[in-house]
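Colleague: Just entry23.cif, nothing more (mmCIF, C-alpha atoms and all ligand atoms):
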data_start
loop_
_atom_site.label_atom_id
_atom_site.label_comp_id
_atom_site.auth_asym_id
_atom_site.auth_seq_id
_atom_site.Cartn_x
_atom_site.Cartn_y
_atom_site.Cartn_z
CA MET O 16 81.81 89.48 105.76
CA GLY O 17 81.46 91.94 108.59
CA LEU O 18 82.80 95.02 110.28
CA LEU O 19 84.33 96.35 113.47
CA ILE O 20 82.25 98.38 115.92
CA ASP O 21 84.26 99.97 118.75
CA GLY O 22 87.00 97.44 118.15
CA LYS O 23 84.68 94.37 118.20
CA TRP O 24 84.07 92.20 115.15
CA HIS O 25 80.46 91.78 113.94
CA ASP O 26 79.57 89.38 111.17
CA GLN O 27 77.06 91.19 108.95
CA TRP O 28 76.49 91.79 105.25
CA TYR O 29 76.23 95.28 103.72
CA ASP O 30 73.12 97.09 104.91
CA THR O 31 71.26 98.31 101.81
CA GLU O 32 67.90 98.79 103.52
CA ALA O 33 68.51 102.39 104.53
CA THR O 34 69.64 103.27 101.00
CA GLN O 35 66.76 101.88 98.88
CA GLY O 36 68.73 98.82 97.84
CA LYS O 37 71.82 100.76 96.82
CA PHE O 38 75.36 99.75 97.77
CA VAL O 39 77.14 102.75 99.28
CA ARG O 40 80.90 102.36 99.71
CA SER O 41 82.25 103.80 102.94
CA GLN O 42 85.27 106.13 103.05
CA SER O 43 88.68 104.78 104.00
CA GLN O 44 89.73 106.03 107.45
CA PHE O 45 93.53 105.73 107.56
CA ARG O 46 94.75 108.54 105.32
CA ASN O 47 98.37 109.20 106.25
CA TRP O 48 101.18 109.59 103.71
CA VAL O 49 104.59 108.13 103.09
CA VAL O 50 106.54 111.16 101.98
CA ALA O 51 109.82 111.60 100.06
CA PRO O 52 112.74 113.03 102.10
CA GLU O 53 112.59 116.45 100.45
CA ALA O 54 108.91 116.93 101.39
CA PHE O 55 108.95 115.17 104.78
CA ASN O 56 107.89 117.26 107.78
CA ALA O 57 108.62 115.57 111.13
CA ASN O 58 106.07 117.83 112.88
CA ASP O 59 103.25 116.62 110.66
CA ASP O 60 101.65 113.54 112.26
CA SER O 61 100.31 112.36 108.94
CA HIS O 62 103.81 112.17 107.42
CA PHE O 63 105.74 108.89 107.39
CA PRO O 64 109.29 108.88 105.94
CA ALA O 65 110.03 106.83 102.83
CA GLU O 66 112.53 104.25 104.09
CA SER O 67 113.55 100.93 102.65
CA GLY O 68 112.18 97.89 104.52
CA ARG O 69 109.92 99.91 106.82
CA TYR O 70 106.53 99.21 105.21
CA HIS O 71 104.49 96.10 104.49
CA LEU O 72 101.63 95.90 102.04
CA TYR O 73 98.72 93.56 102.75
CA VAL O 74 96.71 92.85 99.61
CA SER O 75 94.05 90.56 98.30
CA LEU O 76 94.95 89.22 94.86
CA ALA O 77 91.23 89.18 94.12
CA CYS O 78 90.53 92.79 94.98
CA PRO O 79 90.72 95.42 92.22
CA TRP O 80 91.61 98.21 94.69
CA ALA O 81 94.46 96.25 96.24
CA HIS O 82 95.57 95.18 92.76
CA ARG O 83 96.31 98.83 91.90
CA THR O 84 98.87 98.98 94.73
CA LEU O 85 100.42 95.66 93.74
CA ILE O 86 100.86 96.95 90.18
CA PHE O 87 102.46 100.19 91.35
CA ARG O 88 104.81 98.34 93.71
CA HIS O 89 105.88 96.30 90.68
CA LEU O 90 106.06 99.10 88.08
CA LYS O 91 108.00 101.38 90.41
CA GLN O 92 110.48 98.61 91.34
CA LEU O 93 109.58 98.67 95.00
CA GLU O 94 109.70 94.90 95.53
CA SER O 95 112.92 94.99 97.54
CA HIS O 96 111.83 98.02 99.59
CA ILE O 97 108.23 97.17 100.55
CA SER O 98 107.41 93.66 101.72
CA ILE O 99 104.08 92.10 100.84
CA SER O 100 101.64 89.33 101.67
CA CYS O 101 98.12 88.41 100.63
CA VAL O 102 94.92 87.32 102.31
CA HIS O 103 93.05 84.11 101.52
CA PRO O 104 90.63 84.55 98.60
CA HIS O 105 87.58 83.45 100.61
CA MET O 106 86.21 86.29 102.71
CA LEU O 107 83.72 84.70 105.12
CA GLU O 108 82.31 85.29 108.62
CA ASN O 109 85.60 86.68 109.97
CA GLY O 110 86.27 88.88 106.97
CA TRP O 111 89.67 88.63 105.28
CA GLU O 112 91.75 85.79 106.67
CA LEU O 113 95.54 85.82 106.87
CA LYS O 114 95.99 82.13 106.22
CA SER O 115 97.74 80.26 103.48
CA GLU O 116 96.45 77.23 101.63
CA ALA O 117 98.56 75.26 99.18
CA ARG O 118 96.01 75.36 96.36
CA PHE O 119 95.93 79.16 96.42
CA GLN O 120 99.66 79.75 96.48
CA ASP O 121 100.74 82.60 94.23
CA SER O 122 104.14 82.53 92.56
CA LEU O 123 105.05 86.07 93.67
CA VAL O 124 103.01 87.02 96.72
CA PRO O 125 103.15 84.87 99.87
CA ALA O 126 100.00 84.41 101.94
CA GLY O 127 99.39 85.30 105.57
CA ASP O 128 100.85 87.67 108.12
CA PRO O 129 104.63 87.34 108.44
CA LEU O 130 104.78 90.28 110.87
CA HIS O 131 102.39 89.25 113.64
CA GLU O 132 100.97 85.89 112.56
CA PHE O 133 97.48 87.31 113.06
CA GLN O 134 94.65 85.14 111.78
CA TYR O 135 92.37 87.88 110.55
CA ALA O 136 92.87 91.25 108.86
CA TYR O 137 90.61 92.89 111.43
CA GLN O 138 93.34 92.25 114.04
CA LEU O 139 95.61 94.61 112.10
CA TYR O 140 92.95 97.29 112.37
CA THR O 141 92.44 96.80 116.11
CA HIS O 142 96.22 96.66 116.62
CA ALA O 143 96.41 100.11 115.00
CA ASN O 144 93.33 101.42 116.80
CA ASN O 145 91.63 99.26 119.42
CA GLU O 146 88.40 101.25 119.13
CA TYR O 147 88.19 101.23 115.33
CA SER O 148 84.69 101.22 113.87
CA GLY O 149 84.19 100.52 110.21
CA ARG O 150 84.85 98.03 107.46
CA VAL O 151 88.06 96.06 107.32
CA THR O 152 89.32 96.49 103.80
CA VAL O 153 92.44 95.79 101.75
CA PRO O 154 94.87 97.15 100.70
CA ILE O 155 96.56 98.00 104.00
CA LEU O 156 99.91 99.79 104.07
CA TRP O 157 101.48 98.89 107.41
CA ASP O 158 104.32 100.70 109.21
CA LYS O 159 106.55 98.10 110.89
CA LYS O 160 108.28 100.77 113.00
CA ASN O 161 105.25 102.45 114.60
CA HIS O 162 103.09 99.31 114.37
CA THR O 163 100.22 101.04 112.69
CA ILE O 164 98.30 101.46 109.46
CA VAL O 165 99.62 104.27 107.30
CA SER O 166 96.82 104.08 104.76
CA ASN O 167 93.99 101.82 103.68
CA GLU O 168 93.13 103.84 100.58
CA SER O 169 94.47 102.50 97.29
CA ALA O 170 94.11 105.81 95.44
CA ASP O 171 96.49 107.42 97.97
CA ILE O 172 98.88 104.47 98.17
CA ILE O 173 99.53 104.45 94.41
CA ARG O 174 100.31 108.19 94.54
CA MET O 175 102.83 107.53 97.33
CA PHE O 176 104.43 104.69 95.38
CA ASN O 177 104.57 106.89 92.28
CA THR O 178 107.08 109.31 93.79
CA ALA O 179 107.98 108.84 97.48
CA PHE O 180 110.62 106.14 97.01
CA ASN O 181 112.28 107.47 93.84
CA HIS O 182 115.44 108.37 95.76
CA LEU O 183 115.82 104.68 96.69
CA THR O 184 114.91 103.07 93.38
CA GLY O 185 116.11 105.71 90.91
CA ASP O 186 112.87 104.99 89.04
CA GLU O 187 111.53 108.31 87.75
CA GLN O 188 108.54 106.97 85.77
CA ASP O 189 105.66 109.30 86.58
CA PHE O 190 102.11 107.99 86.29
CA TYR O 191 100.59 111.29 87.44
CA PRO O 192 102.49 113.88 85.42
CA GLU O 193 101.75 117.54 86.08
CA ALA O 194 100.71 118.27 82.49
CA LEU O 195 98.06 115.52 82.42
CA ARG O 196 96.61 115.92 85.91
CA ASN O 197 93.46 117.71 84.85
CA ASP O 198 92.63 115.00 82.35
CA ILE O 199 93.55 112.20 84.73
CA ASP O 200 91.45 113.65 87.57
CA GLN O 201 88.41 113.98 85.32
CA LEU O 202 88.77 110.46 83.95
CA ASN O 203 89.35 109.01 87.43
CA ALA O 204 86.19 110.66 88.75
CA ARG O 205 83.94 109.23 86.05
CA ILE O 206 85.65 105.83 85.96
CA TYR O 207 85.60 105.48 89.75
CA ASP O 208 81.91 106.26 90.04
CA THR O 209 80.53 104.37 87.06
CA VAL O 210 83.09 101.63 86.33
CA ASN O 211 85.37 100.73 89.30
CA ASN O 212 82.57 101.21 91.81
CA GLY O 213 79.84 100.87 89.16
CA VAL O 214 80.30 97.11 88.90
CA TYR O 215 79.93 96.81 92.69
CA LYS O 216 76.87 99.09 92.75
CA SER O 217 75.34 96.89 90.08
CA GLY O 218 76.30 93.58 91.72
CA PHE O 219 75.45 94.47 95.32
CA ALA O 220 72.16 96.24 94.50
CA THR O 221 69.22 94.61 96.22
CA THR O 222 66.44 96.28 94.22
CA GLN O 223 65.82 96.36 90.46
CA ALA O 224 65.90 100.17 90.46
CA ALA O 225 69.24 100.37 92.27
CA TYR O 226 70.72 97.82 89.87
CA GLU O 227 69.49 99.71 86.80
CA GLU O 228 70.74 102.99 88.23
CA ALA O 229 74.24 101.50 88.18
CA VAL O 230 74.33 99.19 85.17
CA TYR O 231 73.24 101.71 82.50
CA PRO O 232 75.85 104.38 83.41
CA LEU O 233 78.46 101.60 83.59
CA PHE O 234 77.89 100.64 79.95
CA GLU O 235 77.61 104.29 78.87
CA SER O 236 81.08 104.80 80.33
CA LEU O 237 82.44 101.67 78.65
CA GLU O 238 81.11 102.97 75.29
CA PHE O 239 82.69 106.36 76.03
CA LEU O 240 86.03 104.70 76.82
CA GLU O 241 85.75 102.50 73.73
CA SER O 242 85.47 105.56 71.50
CA ARG O 243 88.19 107.43 73.39
CA LEU O 244 90.57 104.56 72.69
CA LYS O 245 89.84 104.59 68.96
CA ASN O 246 92.69 106.99 68.24
CA ASN O 247 94.50 106.89 71.57
CA ARG O 248 96.86 104.23 72.83
CA TYR O 249 96.05 105.15 76.43
CA LEU O 250 93.26 107.16 78.05
CA THR O 251 95.13 110.47 78.02
CA GLY O 252 96.98 109.89 74.72
CA SER O 253 100.34 108.27 74.17
CA THR O 254 101.45 108.05 77.82
CA VAL O 255 100.30 105.38 80.24
CA THR O 256 99.08 107.00 83.48
CA GLU O 257 97.45 106.02 86.74
CA ALA O 258 94.06 106.47 85.07
CA ASP O 259 94.88 103.46 82.87
CA TRP O 260 96.03 101.27 85.74
CA ARG O 261 92.99 102.18 87.82
CA LEU O 262 90.76 101.13 84.93
CA PHE O 263 92.83 98.02 84.15
CA THR O 264 92.09 96.27 87.44
CA THR O 265 88.34 96.47 86.80
CA LEU O 266 88.57 95.51 83.11
CA ILE O 267 90.66 92.39 83.79
CA ARG O 268 87.98 91.12 86.22
CA PHE O 269 85.07 92.01 83.98
CA ASP O 270 84.60 88.97 81.75
CA PRO O 271 85.46 86.32 84.36
CA VAL O 272 83.43 87.87 87.20
CA TYR O 273 81.49 91.11 86.78
CA HIS O 274 79.71 90.04 83.59
CA GLY O 275 78.10 87.04 85.31
CA HIS O 276 78.32 87.41 89.08
CA PHE O 277 77.55 91.16 89.16
CA LYS O 278 75.04 91.06 86.25
CA CYS O 279 77.02 93.52 84.12
CA ASN O 280 76.01 91.64 81.05
CA PHE O 281 75.07 93.87 78.12
CA LYS O 282 78.46 93.05 76.67
CA ARG O 283 81.79 91.56 77.68
CA ILE O 284 85.09 93.44 77.32
CA ILE O 285 86.05 91.09 74.50
CA ASP O 286 83.06 92.54 72.58
CA PHE O 287 84.63 96.02 72.63
CA PRO O 288 87.53 95.85 70.13
CA ASN O 289 89.41 98.93 71.36
CA LEU O 290 88.95 98.25 75.05
CA ASN O 291 89.98 94.66 74.59
CA ASN O 292 93.16 95.53 72.67
CA TYR O 293 93.95 98.15 75.28
CA LEU O 294 93.39 95.64 78.08
CA GLU O 295 95.75 93.20 76.38
CA ARG O 296 98.35 95.96 75.88
CA LEU O 297 98.27 96.84 79.59
CA TYR O 298 98.28 93.17 80.63
CA LYS O 299 101.48 92.66 78.64
CA THR O 300 103.24 95.82 79.86
CA GLN O 301 106.32 95.31 82.05
CA GLU O 302 105.10 91.84 83.13
CA VAL O 303 102.01 93.23 84.83
CA SER O 304 100.37 89.91 83.86
CA LYS O 305 102.28 88.37 86.78
CA THR O 306 100.23 90.45 89.20
CA VAL O 307 96.97 88.94 87.90
CA ASN O 308 95.75 85.79 89.65
CA PHE O 309 92.50 84.59 88.07
CA GLU O 310 92.13 81.75 90.57
CA HIS O 311 92.00 84.17 93.51
CA ILE O 312 89.72 86.49 91.54
CA LYS O 313 87.09 83.90 90.65
CA GLN O 314 87.24 82.06 93.97
CA HIS O 315 86.88 85.25 95.97
CA TYR O 316 83.78 86.66 94.35
CA TYR O 317 81.82 83.48 93.64
CA TYR O 318 82.67 81.84 96.96
CA SER O 319 82.50 84.80 99.35
CA HIS O 320 79.32 86.55 98.26
CA ASP O 321 76.79 83.95 99.33
CA THR O 322 73.89 86.40 99.17
CA ILE O 323 74.53 86.52 95.41
CA ASN O 324 75.74 82.95 94.84
CA PRO O 325 74.44 80.81 97.73
CA THR O 326 75.69 77.50 96.25
CA ARG O 327 79.25 78.83 96.15
CA VAL O 328 79.77 76.95 92.91
CA VAL O 329 82.56 78.69 90.98
CA PRO O 330 82.06 78.68 87.20
CA ALA O 331 84.67 76.89 85.10
CA GLY O 332 84.78 79.50 82.33
CA PRO O 333 85.13 81.72 80.56
CA MET O 334 88.10 80.76 78.41
CA LEU O 335 90.24 83.84 78.92
CA LEU O 336 91.82 84.73 75.64
CA PHE O 337 92.82 88.00 74.11
CA ARG O 338 91.92 88.87 70.52
CA SER O 339 95.47 88.17 69.36
CA GLU O 340 95.22 84.65 70.75
CA LEU O 341 91.84 83.77 69.19
N1 LIG T 401 88.45 102.73 98.95
C1 LIG T 401 89.16 101.54 99.27
C2 LIG T 401 88.26 100.33 99.01
C3 LIG T 401 88.91 99.02 99.35
C4 LIG T 401 87.87 97.88 99.39
O1 LIG T 401 86.66 98.11 99.48
N2 LIG T 401 88.36 96.64 99.35
C5 LIG T 401 87.45 95.49 99.43
C6 LIG T 401 87.99 94.32 98.66
S1 LIG T 401 87.73 94.37 96.96
C7 LIG T 401 87.32 95.01 100.85
O2 LIG T 401 88.32 94.82 101.51
N3 LIG T 401 86.09 94.80 101.29
C8 LIG T 401 85.79 94.28 102.58
C9 LIG T 401 84.55 94.89 103.16
O3 LIG T 401 83.96 95.79 102.55
O4 LIG T 401 84.16 94.45 104.24
C10 LIG T 401 90.41 101.48 98.42
O5 LIG T 401 90.36 101.83 97.24
O6 LIG T 401 91.46 101.13 98.95
#
Starting from the coordinates I provided, produce the structure as structure tokens.
Ligand SMILES: N[C@@H](CCC(=O)N[C@@H](CS)C(=O)NCC(=O)O)C(=O)O

Modeller:
Amino acid sequence: MGLLIDGKWHDQWYDTEATQGKFVRSQSQFRNWVVAPEAFNANDDSHFPAESGRYHLYVSLACPWAHRTLIFRHLKQLESHISISCVHPHMLENGWELKSEARFQDSLVPAGDPLHEFQYAYQLYTHANNEYSGRVTVPILWDKKNHTIVSNESADIIRMFNTAFNHLTGDEQDFYPEALRNDIDQLNARIYDTVNNGVYKSGFATTQAAYEEAVYPLFESLEFLESRLKNNRYLTGSTVTEADWRLFTTLIRFDPVYHGHFKCNFKRIIDFPNLNNYLERLYKTQEVSKTVNFEHIKQHYYYSHDTINPTRVVPAGPMLLFRSEL
């Protein structure tokens, strides 16, 4: 685990000393957009045209942020238009590694870097900007034509995938419909702060106070979501939206990882009947289950975070079953 400073790699863990033990997530720095032909402006440097075969998505199958982009690539039928590869689940002194290992092979997503054969993800960042300073995170949306990073922000990438390539795929499913945007934005804001990032703030806290400041709001939000789902199939009603998929990638990791490793242990998701049924419903939608790789998920967190789990022993459980399978 480390970061780049002026284009040089430094192996260091998150610094929580300056923030009273709190984990503070840094902002993504590559914030350009792949834009549909009708909205594309060639004079705008931040615009990249939506073309088939031009972009490559680097993901970690363990990472909940990258998982959002993998799900949208799948739901929006972009598999034949945007190539993909994944990093190794163990993130160690060189950060994310672009190597493949037989035991971690995924049935859908190949490992490594087919474009440059780089060893480490940080080389993609320095290739795009040789003076880059900051964390080296996934997902990374790479432009093969200009040899640069379009975006390293999952929230933006799923919005691009939602509409920019519709002219190529003919897929008009809209996960951010105009009429629901207000609701979606409000849900996203609370869920991002207290759930998606809440589990990290809880798990990476290095003081009791910082941990408690994160773990209580996390469970308040889970109770809020549990009651919201009592009469609603999805968070905004009967339509599945990006708010659901953004929540899904945290919920699916909760019982196997966040409950134990990140000390989010008042309850498990399986103890919330509505949330658990909802999680199962999403898992079984349009074969999204194929984008979930529990081996990468468990190996990544338990093996990579040695300040939390110094033995690197990866727990065998839990038995992952949905209510309908019990
Ligand atoms: N805001 C970013 C966050 C991405 C992120 O933090 N990814 C994690 C993996 S779960 C990462 O690559 N961390 C490496 C690091 O912080 O050094 C997004 O949503 O795309």

Colleague: When distances are computed from only C-alpha atoms, which of O:Thr256, O:Ile312, O:Asp21, O:Pro330 shows the smallest separation from O:Ala194?

Modeller: O:Thr256

Colleague: Select the residues contacting ligand LIG 401 (chain T) at a distance of at most 9 Å, based on all atoms listed in the file, then format the selection as number ranges by chain.

Modeller: O: 16-18, 28-29, 40-43, 74-75, 77-84, 106, 110-111, 149-155, 166-172

Colleague: Let me make sure I understand: among O:Ile323, O:Leu335, O:Leu237, O:Leu183, which one has the smallest atom-to-atom distance to O:Phe287 if we use only C-alpha atoms?

Modeller: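 Of the candidates, the smallest distance to O:Phe287 is held by O:Leu237.
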
Colleague: Pull the neighbourhood of (89.1, 100.7, 72.9) for me: all residues within 8 Å in file coordinates, counting only C-alpha atoms, as number ranges by chain.

Modeller: O: 240-245, 287-293

Colleague: Considering only C-alpha atoms, return as number ranges by chain whatever protein or nucleic-acid residues lie within 9 Å of O:Arg268, sequence-local ones (same chain, fewer than 2 positions apart) excluded.

Modeller: O: 77, 79, 263-266, 270-274, 309, 312-313

Colleague: Write only N, CA and C atoms for stretch 44-66 of chain O from the block just shown, as a compact mmCIF listing (two decimals), in the first residue's frame.

Modeller:
# COMPACT_ATOMS: atom_id res chain seq x y z
N GLN O 44 -8.55 12.22 -9.10
CA GLN O 44 -7.99 13.37 -9.83
C GLN O 44 -8.24 13.38 -11.33
N PHE O 45 -8.50 12.22 -11.93
CA PHE O 45 -8.78 12.19 -13.38
C PHE O 45 -10.29 12.23 -13.55
N ARG O 46 -10.81 13.35 -14.02
CA ARG O 46 -12.26 13.53 -14.05
C ARG O 46 -12.75 13.96 -15.43
N ASN O 47 -12.25 13.27 -16.46
CA ASN O 47 -12.72 13.56 -17.82
C ASN O 47 -13.94 12.69 -18.12
N TRP O 48 -14.56 12.94 -19.27
CA TRP O 48 -15.82 12.24 -19.59
C TRP O 48 -15.82 11.65 -20.98
N VAL O 49 -16.28 10.41 -21.08
CA VAL O 49 -16.61 9.84 -22.38
C VAL O 49 -18.03 10.30 -22.68
N VAL O 50 -18.18 10.92 -23.86
CA VAL O 50 -19.43 11.62 -24.16
C VAL O 50 -20.07 11.06 -25.43
N ALA O 51 -21.38 10.95 -25.42
CA ALA O 51 -22.14 10.46 -26.59
C ALA O 51 -21.96 11.43 -27.75
N PRO O 52 -22.05 10.92 -29.01
CA PRO O 52 -21.79 11.78 -30.18
C PRO O 52 -22.59 13.08 -30.17
N GLU O 53 -23.86 13.01 -29.76
CA GLU O 53 -24.69 14.23 -29.84
C GLU O 53 -24.26 15.31 -28.85
N ALA O 54 -23.53 14.93 -27.81
CA ALA O 54 -23.11 15.94 -26.81
C ALA O 54 -21.63 16.25 -26.90
N PHE O 55 -20.91 15.54 -27.76
CA PHE O 55 -19.44 15.66 -27.82
C PHE O 55 -19.00 17.02 -28.37
N ASN O 56 -18.07 17.64 -27.67
CA ASN O 56 -17.52 18.93 -28.12
C ASN O 56 -16.00 18.77 -28.26
N ALA O 57 -15.52 18.78 -29.50
CA ALA O 57 -14.09 18.53 -29.77
C ALA O 57 -13.19 19.60 -29.16
N ASN O 58 -13.75 20.77 -28.85
CA ASN O 58 -12.93 21.84 -28.26
C ASN O 58 -12.82 21.73 -26.75
N ASP O 59 -13.57 20.80 -26.19
CA ASP O 59 -13.53 20.62 -24.73
C ASP O 59 -12.53 19.50 -24.41
N ASP O 60 -11.43 19.87 -23.74
CA ASP O 60 -10.37 18.90 -23.45
C ASP O 60 -10.82 17.75 -22.57
N SER O 61 -11.89 17.98 -21.81
CA SER O 61 -12.34 16.92 -20.91
C SER O 61 -13.27 15.92 -21.61
N HIS O 62 -13.59 16.18 -22.88
CA HIS O 62 -14.49 15.28 -23.62
C HIS O 62 -13.71 14.23 -24.41
N PHE O 63 -14.13 12.99 -24.26
CA PHE O 63 -13.58 11.88 -25.04
C PHE O 63 -14.76 11.24 -25.78
N PRO O 64 -14.60 10.96 -27.08
CA PRO O 64 -15.75 10.43 -27.83
C PRO O 64 -16.04 8.96 -27.50
N ALA O 65 -17.30 8.62 -27.48
CA ALA O 65 -17.70 7.23 -27.21
C ALA O 65 -17.51 6.41 -28.47
N GLU O 66 -16.44 5.62 -28.50
CA GLU O 66 -16.14 4.79 -29.68
C GLU O 66 -15.94 3.36 -29.23
